Amino acid sequence: MIKINQKLDHPLEHKTECLILVCVEEKKPSGTLKKFDDEIAGAISHAFENKRFGGKPGQALLLNNIGKASNLLLVGIGKAKDVTAEKICQAAGTAAKLAEQSKFKSIAADLSAFEGIAKGKGGLYRELVGAMAEGVGLALYHFDNYKSRDEKDDPPSRVEKLTLLTTSKSLQASTEKSIARAEKIIDAVHTARDLISHPGNTVTPTYLAEHAKKMARKNKITCKLLDKKEMEKLGMGSLLGVSQGSDEPPVLIVLEYNGAGKKKAPTVIVGKGVTFDTGGISLKPGAKMDEMKMDMSGAATTLATLQLVSSLKLQANIVGIVAAAENMPSGSAIKPGDILKSMSGKTIEVLNTDAEGRLVLADALTYAQRYKPKEVIDLATLTGAVLHALGHQAAAVIGNNKAMIQKLKNAGEATGERVWELPLWEEYEKATKSDIADLKNIASPGVGAGTIMGAAFLKAFAGEQPWTHIDIAGTAWGFDRPYTNKGASGFGVRLLLNYLEKGR
């Protein structure tokens with residue numbers, strides 16, 4: 001992970017390979033930008049006049065050989081009145097990737113623009129500084145654990161250090177706090193990305209369990225691991241049914257973080273942990289099946305979120321539950337038409353073995369009721385249908401509590417990890433009823449609304465407390481932001497942190 005520090009220094013005097021200046025949208029350079037323009041014979045003004053740069057969101061301009069800052073990288077953040085932490089995060093990601101492509105090892109970023117935007121509001125200043133650090137750190141993520149390189153090959157160029165510059169001694173403490181917080185967020189998101197990016201022959205249910213155990217020990221979180229025998233005693237026939245076609249044993253991972261009084265009801269986060277999904281007997285097409293290693297993204301987000309709330313010492317009680325299994329076709333696998341009995345006692349007719357995520361979540365949601373939770377959130381790469389509805393730009397949120405859904409939507413807008421509500425009308429729930437069992441795991445042909453039908457099925461196991469289901473199938477992989485990369489995004493970690501902090 002990139003090293004981030006701060007320094008009390010004026011940007012014009014700071015010596016660095018590359019200095020990043022965040023620029024508000026304007027007609028001509030002003031403030032610090034004008035001072036740099038004067039130093040380099042109007043090169044910046046010329047760029048404004050020729051429409052090569054004007055501070056608009058997403059714009060970037062790299063100027064070479066600029067005095068003590070060998071290179072100057074301008075990045076736009078839009079009109080000052082419209083600036084948000086998420087826009088800063090995106091601008092920082094844009095700048096970081098351009099700096100790395102230019103093979104810089106060390107970069108610096110001037111924070112003086114944030115002082116003007118915040119106008120004395122310390123909380124906003126800290127938020128913007130944190131977003132700057134986050135955007136750079138998240139954008140520079142790389143997963144190359146399995147690459148081998150000949151010693152003669154040039155190693156890939158990486159930005160190794162970010163220095164945040166402030167000209168105000170009074171803001172140094174705030175800047176330091178923002179950096180410390182951002183580093184914890186970056187580390188947690190990278191943890192989720194790593195877990196998702198590893199192949200299925202590395203990340204098995206057992207691997208997830210071992211990771212959870214080590215993470216819990218490090219962060220002083222209580223960890224319980226329920227093996228196959230314990231799940232059999234509890235009657236978790238739905239989860240066990242999914243795993244029975246695989247040689248990999250299933251596990252239910254339970255993490256308990258107590259940051260508030262013991263009597264305070266917890267928020268329970270449930271993550272789908274299907275470490276590889278072939279579809280089972282209802283086999284998926286071969287194209288892109290390799291990407292099904294990401295079908296445990298809900299689990300990765302859950303584990304990373306517990307890591308993060310603990311490292312930030314959040315004053316709340318959070319329980320994380322991961323239903324980990326592998327979905328494989330074999331002589332022992334469940335078949336279309338089989339009936340499973342869940343922990344709740346409800347029976348499920350399995351019409352499609354590729355609708356397995358809702359089966360593992362059913363028992364996990366029932367287990368969550370043991371905690372008498374104040375609310376439950378489940379995250380899962382549940383349906384391909386959500387891609388048709390929302391693409392890679394937002395996750396679907398469906399639940400039984402409007403206030404909870406609105407808070408999640410607000411958190412999504414604040415972090416850029418947006419969620420969009422889909423309805424859960426009575427007609428959808430009726431369509432989950434089976435003729436020969438209590439429920440069926442997919443609706444009859446012609447019903448459609450695949451994402452909603454998945455949530456309608458889960459509602460039968462979710463309990464009466466506020467509950468929301470977040471379908472991250474379109475955002476866990478291929479989420480398009482300047483601070484994300486190809487593949488795993490770690491979507492949901494920052495969303496849940498914002499939600500949990502605002503809900504204290």
# chains A, B, ... in the order shown; residues from 1 in each chain; ligands from 1
call {"tool": "residues_around", "arguments": {"residues": "Gly241 in chain A", "least_positions_apart": "3", "cutoff": "10 Å", "atoms": "only C-alpha atoms", "output": "list in words"}}
result
Met236, Gly237, Ser238, Gln244, Gly245, Ala325, Asn327, Ser332, Ala333, Ile334, Lys335, Asp338, Ile339, Leu340, Lys341, Ser342, Val350, Thr353, Glu356, Leu359 and Val360 of chain A
call {"tool": "residues_around", "arguments": {"residues": "Gln465 in chain A", "least_positions_apart": "6", "cutoff": "8 Å", "atoms": "only C-alpha atoms", "output": "list in words"}}
result
Pro373, Lys374, Glu375 and Val376 of chain A
call {"tool": "write_last_selection", "arguments": {"atoms": "N, CA, C and O atoms", "output": "PDB file, in the first residue's frame"}}
result
ATOM      1  N   PRO A 373     -31.415  -8.720  16.307  1.00  0.00           N
ATOM      2  CA  PRO A 373     -30.785  -7.520  15.738  1.00  0.00           C
ATOM      3  C   PRO A 373     -31.731  -6.338  15.627  1.00  0.00           C
ATOM      4  O   PRO A 373     -32.946  -6.501  15.508  1.00  0.00           O
ATOM      5  N   LYS A 374     -31.137  -5.147  15.660  1.00  0.00           N
ATOM      6  CA  LYS A 374     -31.942  -3.948  15.400  1.00  0.00           C
ATOM      7  C   LYS A 374     -32.201  -3.798  13.906  1.00  0.00           C
ATOM      8  O   LYS A 374     -33.180  -3.171  13.492  1.00  0.00           O
ATOM      9  N   GLU A 375     -31.301  -4.394  13.083  1.00  0.00           N
ATOM     10  CA  GLU A 375     -31.449  -4.335  11.636  1.00  0.00           C
ATOM     11  C   GLU A 375     -30.528  -5.373  11.008  1.00  0.00           C
ATOM     12  O   GLU A 375     -29.528  -5.781  11.620  1.00  0.00           O
ATOM     13  N   VAL A 376     -30.862  -5.798   9.801  1.00  0.00           N
ATOM     14  CA  VAL A 376     -30.057  -6.776   9.070  1.00  0.00           C
ATOM     15  C   VAL A 376     -29.838  -6.262   7.654  1.00  0.00           C
ATOM     16  O   VAL A 376     -30.775  -5.786   6.994  1.00  0.00           O
TER      17      VAL A 376
END
call {"tool": "residues_around", "arguments": {"residues": "Val251 in chain A", "least_positions_apart": "4", "cutoff": "10 Å", "atoms": "only C-alpha atoms", "output": "PyMOL selection string"}}
result
chain A and resi 204-206+208-209+225-231+239-240+243+273+322-325
call {"tool": "closest_residue", "arguments": {"among": "A:Ser174, A:Lys402, A:Gly120, A:Pro57", "to": "Cys89 in chain A", "atoms": "only C-alpha atoms"}}
result
A:Pro57
call {"tool": "select_by_dssp", "arguments": {"residues": "range 8-203 of chain A", "states": "strand (DSSP E)", "output": "number ranges by chain"}}
result
A: 8, 18-24, 60-66, 69-78, 106-110, 161-166
call {"tool": "residues_around", "arguments": {"residues": "Leu306 in chain A", "least_positions_apart": "2", "cutoff": "8 Å", "atoms": "only C-alpha atoms", "output": "PyMOL selection string"}}
result
chain A and resi 255+257+302-304+308-310+318-320
call {"tool": "residues_around", "arguments": {"residues": "Met289 in chain A", "least_positions_apart": "4", "cutoff": "12 Å", "atoms": "only C-alpha atoms", "output": "MDAnalysis selection string"}}
result
chainID A and resid 199:200 276:279 283:285 293:295
call {"tool": "residues_around", "arguments": {"residues": "Gly503 in chain A", "least_positions_apart": "2", "cutoff": "12 Å", "atoms": "only C-alpha atoms", "output": "list in words"}}
result
Pro266, Thr267, Leu314, Gln315, Ala316, Asn317, Lys374, Glu375, Ala403, Met404, Gln406, Lys407, Leu408, Asn410, Ala411, Leu496, Leu497, Asn498, Tyr499, Leu500 and Glu501 of chain A
call {"tool": "residues_around", "arguments": {"residues": "range 21-25 of chain A", "least_positions_apart": "2", "cutoff": "9 Å", "atoms": "only C-alpha atoms", "output": "ChimeraX atom specification"}}
result
/A:11,19,27-29,32-33,54-57,72-80,83,88,91-92,108-111,113-114
call {"tool": "write_last_selection", "arguments": {"atoms": "N, CA and C atoms", "output": "short mmCIF file (atom, residue, chain, number, x, y, z; two decimals), in the first residue's frame"}}
result
data_model
loop_
_atom_site.label_atom_id
_atom_site.label_comp_id
_atom_site.auth_asym_id
_atom_site.auth_seq_id
_atom_site.Cartn_x
_atom_site.Cartn_y
_atom_site.Cartn_z
N PRO A 11 3.34 24.94 -1.86
CA PRO A 11 3.47 24.15 -3.09
C PRO A 11 4.51 24.69 -4.06
N LEU A 19 3.73 17.32 -8.66
CA LEU A 19 2.83 18.01 -7.74
C LEU A 19 1.43 18.03 -8.33
N LYS A 27 -12.81 30.39 -15.34
CA LYS A 27 -12.51 30.83 -16.70
C LYS A 27 -11.02 31.08 -16.92
N LYS A 28 -10.31 31.44 -15.85
CA LYS A 28 -8.87 31.63 -15.95
C LYS A 28 -8.22 31.30 -14.61
N PRO A 29 -6.92 31.01 -14.61
CA PRO A 29 -6.26 30.60 -13.37
C PRO A 29 -6.31 31.70 -12.30
N THR A 32 -3.34 29.92 -6.19
CA THR A 32 -2.08 29.18 -6.34
C THR A 32 -1.82 28.85 -7.80
N LEU A 33 -2.87 28.54 -8.53
CA LEU A 33 -2.72 28.19 -9.94
C LEU A 33 -2.16 29.39 -10.73
N GLY A 54 -9.86 23.39 -17.83
CA GLY A 54 -10.65 24.46 -17.24
C GLY A 54 -11.17 24.12 -15.86
N GLY A 55 -10.68 23.01 -15.30
CA GLY A 55 -11.10 22.61 -13.96
C GLY A 55 -12.38 21.80 -13.92
N LYS A 56 -12.88 21.36 -15.07
CA LYS A 56 -14.10 20.55 -15.07
C LYS A 56 -13.81 19.15 -14.50
N PRO A 57 -14.81 18.52 -13.89
CA PRO A 57 -14.60 17.18 -13.32
C PRO A 57 -14.07 16.20 -14.36
N LEU A 72 3.96 19.19 -13.04
CA LEU A 72 2.75 19.72 -12.43
C LEU A 72 1.54 19.02 -13.05
N LEU A 73 0.72 18.42 -12.19
CA LEU A 73 -0.46 17.70 -12.68
C LEU A 73 -1.72 18.39 -12.16
N LEU A 74 -2.46 19.00 -13.09
CA LEU A 74 -3.70 19.68 -12.75
C LEU A 74 -4.86 18.70 -12.92
N VAL A 75 -5.78 18.69 -11.96
CA VAL A 75 -6.94 17.82 -12.07
C VAL A 75 -8.18 18.61 -11.64
N GLY A 76 -9.24 18.54 -12.44
CA GLY A 76 -10.43 19.33 -12.20
C GLY A 76 -11.39 18.69 -11.22
N ILE A 77 -12.08 19.54 -10.43
CA ILE A 77 -13.07 19.06 -9.47
C ILE A 77 -14.43 19.77 -9.65
N GLY A 78 -14.57 20.57 -10.69
CA GLY A 78 -15.84 21.23 -10.95
C GLY A 78 -16.02 22.52 -10.17
N LYS A 79 -17.21 23.06 -10.18
CA LYS A 79 -17.50 24.33 -9.50
C LYS A 79 -17.37 24.18 -7.99
N ALA A 80 -16.80 25.18 -7.35
CA ALA A 80 -16.52 25.13 -5.91
C ALA A 80 -17.76 24.79 -5.09
N VAL A 83 -18.60 20.97 -5.03
CA VAL A 83 -17.57 20.00 -4.68
C VAL A 83 -18.05 19.11 -3.52
N ILE A 88 -13.82 14.74 -5.06
CA ILE A 88 -12.38 14.81 -4.75
C ILE A 88 -11.76 13.43 -4.89
N ALA A 91 -11.31 12.67 -8.54
CA ALA A 91 -10.24 13.48 -9.12
C ALA A 91 -8.88 12.95 -8.68
N ALA A 92 -8.78 12.57 -7.41
CA ALA A 92 -7.53 12.02 -6.90
C ALA A 92 -7.17 10.72 -7.61
N ALA A 108 3.16 14.52 -4.74
CA ALA A 108 2.65 15.39 -3.66
C ALA A 108 1.35 16.03 -4.13
N ALA A 109 0.52 16.41 -3.18
CA ALA A 109 -0.75 17.07 -3.52
C ALA A 109 -0.94 18.27 -2.61
N ASP A 110 -1.31 19.39 -3.21
CA ASP A 110 -1.54 20.62 -2.46
C ASP A 110 -2.96 20.63 -1.92
N LEU A 111 -3.12 20.94 -0.63
CA LEU A 111 -4.43 20.93 0.03
C LEU A 111 -5.03 22.32 0.19
N ALA A 113 -6.52 24.33 -1.73
CA ALA A 113 -7.85 24.54 -2.33
C ALA A 113 -8.96 24.12 -1.37
N PHE A 114 -8.68 23.11 -0.56
CA PHE A 114 -9.69 22.61 0.37
C PHE A 114 -9.99 23.62 1.48
#
call {"tool": "closest_atom_pairs", "arguments": {"of": "range 217-326 of chain A", "to": "range 466-483 of chain A", "cutoff": "10 Å", "atoms": "only C-alpha atoms", "output": "JSON lines"}}
result
{"residue": "A:Thr267", "atom": "CA", "partner": "A:Pro466", "partner_atom": "CA", "distance": 9.9}
{"residue": "A:Val268", "atom": "CA", "partner": "A:Trp467", "partner_atom": "CA", "distance": 9.5}
{"residue": "A:Ile269", "atom": "CA", "partner": "A:Thr468", "partner_atom": "CA", "distance": 9.9}
{"residue": "A:Val270", "atom": "CA", "partner": "A:His469", "partner_atom": "CA", "distance": 9.3}
{"residue": "A:Gly271", "atom": "CA", "partner": "A:Ile470", "partner_atom": "CA", "distance": 9.9}
{"residue": "A:Glu291", "atom": "CA", "partner": "A:Trp477", "partner_atom": "CA", "distance": 8.6}
{"residue": "A:Met294", "atom": "CA", "partner": "A:Trp477", "partner_atom": "CA", "distance": 7.3}
{"residue": "A:Asp295", "atom": "CA", "partner": "A:Ala473", "partner_atom": "CA", "distance": 8.1}
{"residue": "A:Met296", "atom": "CA", "partner": "A:Ala476", "partner_atom": "CA", "distance": 9.6}
{"residue": "A:Ser297", "atom": "CA", "partner": "A:Ala476", "partner_atom": "CA", "distance": 6.3}
{"residue": "A:Gly298", "atom": "CA", "partner": "A:Ile472", "partner_atom": "CA", "distance": 7.6}
{"residue": "A:Ala300", "atom": "CA", "partner": "A:Ala476", "partner_atom": "CA", "distance": 9.9}
{"residue": "A:Thr301", "atom": "CA", "partner": "A:Ala476", "partner_atom": "CA", "distance": 9.2}
call {"tool": "atom_distance", "arguments": {"atom1": "CA of Ile452 in chain A", "atom2": "CA of Gly399 in chain A"}}
result
9.9 Å
call {"tool": "atom_distance", "arguments": {"atom1": "CA of Ala265 in chain A", "atom2": "CA of Leu361 in chain A"}}
result
21.0 Å
call {"tool": "atom_distance", "arguments": {"atom1": "CA of Ala139 in chain A", "atom2": "CA of Gly93 in chain A"}}
result
5.0 Å
